[in-house]
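Report on the structure given below.
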Amino acid sequence: MAGKIKHYIDNLIEIRSQGISSIATTTRTKLLLKGIDTTKYTESSDDDPAVIEKIKLVAEEMGIILGD
């Protein structure tokens, strides 16, 4: 299923920021510092299990559990 990475990124940002743009920006920055460029992934991007795992780990660090 293509686009799973984009889905996880969007969910993480939405849950973490709760609509506050400055928190959304810092969340994107944290992902970038962890090696995940949020602008690189679209709904048609191939799913890389390693990237998905990184996103889940970052979410876990933030106290967020991302489901499938």
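As shown in the structure tokens, the chain order sets the letters A, B, ...; within each chain, residues go from 1, and ligands are also counted from 1 in the order they appear.
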How would you write, as a PyMOL selection string, the set of residues in chain A that DSSP gives as alpha helix (DSSP H)? chain A and resi 4-17+21-33+49-61
For segment 47-50 of chain A, find every residue with an atom within 10 Å (counting only C-alpha atoms), except residues of its own chain fewer than 3 positions away, and show them as a ChimeraX atom specification. /A:1-6,41,43-44,53-56
Put those residues in a file: C-alpha atoms, as an mmCIF file, in the first residue's frame.
data_model
loop_
_atom_site.group_PDB
_atom_site.id
_atom_site.type_symbol
_atom_site.label_atom_id
_atom_site.label_comp_id
_atom_site.auth_asym_id
_atom_site.auth_seq_id
_atom_site.Cartn_x
_atom_site.Cartn_y
_atom_site.Cartn_z
ATOM 1 C CA MET A 1 0.000 0.000 0.000
ATOM 2 C CA ALA A 2 1.637 3.212 -1.155
ATOM 3 C CA GLY A 3 1.344 6.348 0.939
ATOM 4 C CA LYS A 4 1.548 4.709 4.345
ATOM 5 C CA ILE A 5 4.538 6.865 5.326
ATOM 6 C CA LYS A 6 2.648 10.056 4.423
ATOM 7 C CA TYR A 41 6.727 11.694 0.946
ATOM 8 C CA GLU A 43 0.361 9.560 -1.156
ATOM 9 C CA SER A 44 2.080 7.723 -4.023
ATOM 10 C CA GLU A 53 9.672 2.172 12.032
ATOM 11 C CA LYS A 54 11.587 5.464 12.514
ATOM 12 C CA ILE A 55 8.325 7.420 12.462
ATOM 13 C CA LYS A 56 6.790 5.068 15.014
#
Tell me which protein, DNA and RNA residues are within 10 Å of Met62 of chain A, counting only C-alpha atoms, leaving out same-chain ones fewer than 5 positions away, and put them as a PyMOL selection string. chain A and resi 12+16+27+56-57
Residues near Lys30 of chain A, cut-off 12 Å, only C-alpha atoms, skip fewer than 4 positions along chain, as a PyMOL selection string: chain A and resi 9+12-13+16+23-26+34-38+54-55+57-59+61-62
May I have the residues from that selection written out with N, CA and C atoms, as a tab-separated table (two decimals), in the first residue's frame?
chain	number	residue	atom	x	y	z
A	9	ILE	N	3.03	10.21	8.96
A	9	ILE	CA	3.56	11.56	9.21
A	9	ILE	C	2.41	12.52	9.52
A	12	LEU	N	0.85	11.77	12.94
A	12	LEU	CA	1.73	12.19	14.02
A	12	LEU	C	1.66	13.71	14.22
A	13	ILE	N	1.75	14.44	13.14
A	13	ILE	CA	1.72	15.90	13.21
A	13	ILE	C	0.36	16.38	13.72
A	16	ARG	N	0.03	15.42	17.54
A	16	ARG	CA	0.98	16.17	18.36
A	16	ARG	C	0.63	17.66	18.43
A	23	ILE	N	3.63	24.06	16.83
A	23	ILE	CA	3.96	22.69	17.26
A	23	ILE	C	4.07	21.77	16.05
A	24	ALA	N	3.24	22.01	15.04
A	24	ALA	CA	3.34	21.22	13.81
A	24	ALA	C	4.72	21.43	13.17
A	25	THR	N	5.18	22.66	13.16
A	25	THR	CA	6.49	22.98	12.59
A	25	THR	C	7.61	22.31	13.38
A	26	THR	N	7.54	22.36	14.71
A	26	THR	CA	8.60	21.73	15.51
A	26	THR	C	8.56	20.20	15.37
A	34	LYS	N	15.70	13.57	12.74
A	34	LYS	CA	15.79	12.11	12.86
A	34	LYS	C	15.99	11.44	11.49
A	35	GLY	N	16.10	12.25	10.44
A	35	GLY	CA	16.38	11.72	9.11
A	35	GLY	C	15.16	11.49	8.24
A	36	ILE	N	14.02	12.06	8.61
A	36	ILE	CA	12.80	11.87	7.83
A	36	ILE	C	12.36	13.23	7.29
A	37	ASP	N	12.55	13.44	5.99
A	37	ASP	CA	12.14	14.68	5.34
A	37	ASP	C	10.66	14.57	4.98
A	38	THR	N	9.82	15.27	5.71
A	38	THR	CA	8.37	15.15	5.53
A	38	THR	C	7.91	15.62	4.15
A	54	LYS	N	11.02	4.23	11.96
A	54	LYS	CA	11.59	5.46	12.51
A	54	LYS	C	10.48	6.41	12.96
A	55	ILE	N	9.44	6.54	12.13
A	55	ILE	CA	8.32	7.42	12.46
A	55	ILE	C	7.64	6.93	13.73
A	57	LEU	N	8.95	5.21	16.13
A	57	LEU	CA	9.84	5.45	17.27
A	57	LEU	C	9.80	6.91	17.71
A	58	VAL	N	9.79	7.83	16.75
A	58	VAL	CA	9.69	9.25	17.09
A	58	VAL	C	8.36	9.51	17.79
A	59	ALA	N	7.30	8.93	17.27
A	59	ALA	CA	5.98	9.09	17.88
A	59	ALA	C	5.98	8.56	19.31
A	61	GLU	N	8.51	8.35	21.32
A	61	GLU	CA	9.27	9.30	22.13
A	61	GLU	C	8.38	10.47	22.58
A	62	MET	N	7.41	10.81	21.74
A	62	MET	CA	6.50	11.90	22.05
A	62	MET	C	5.27	11.45	22.83
May I ask for the distance between atom CA of His7 of chain A and atom CA of Gly19 of chain A, given in Å to one decimal place?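 Separating atom CA of His7 of chain A from atom CA of Gly19 of chain A is a distance of 16.6 Å.
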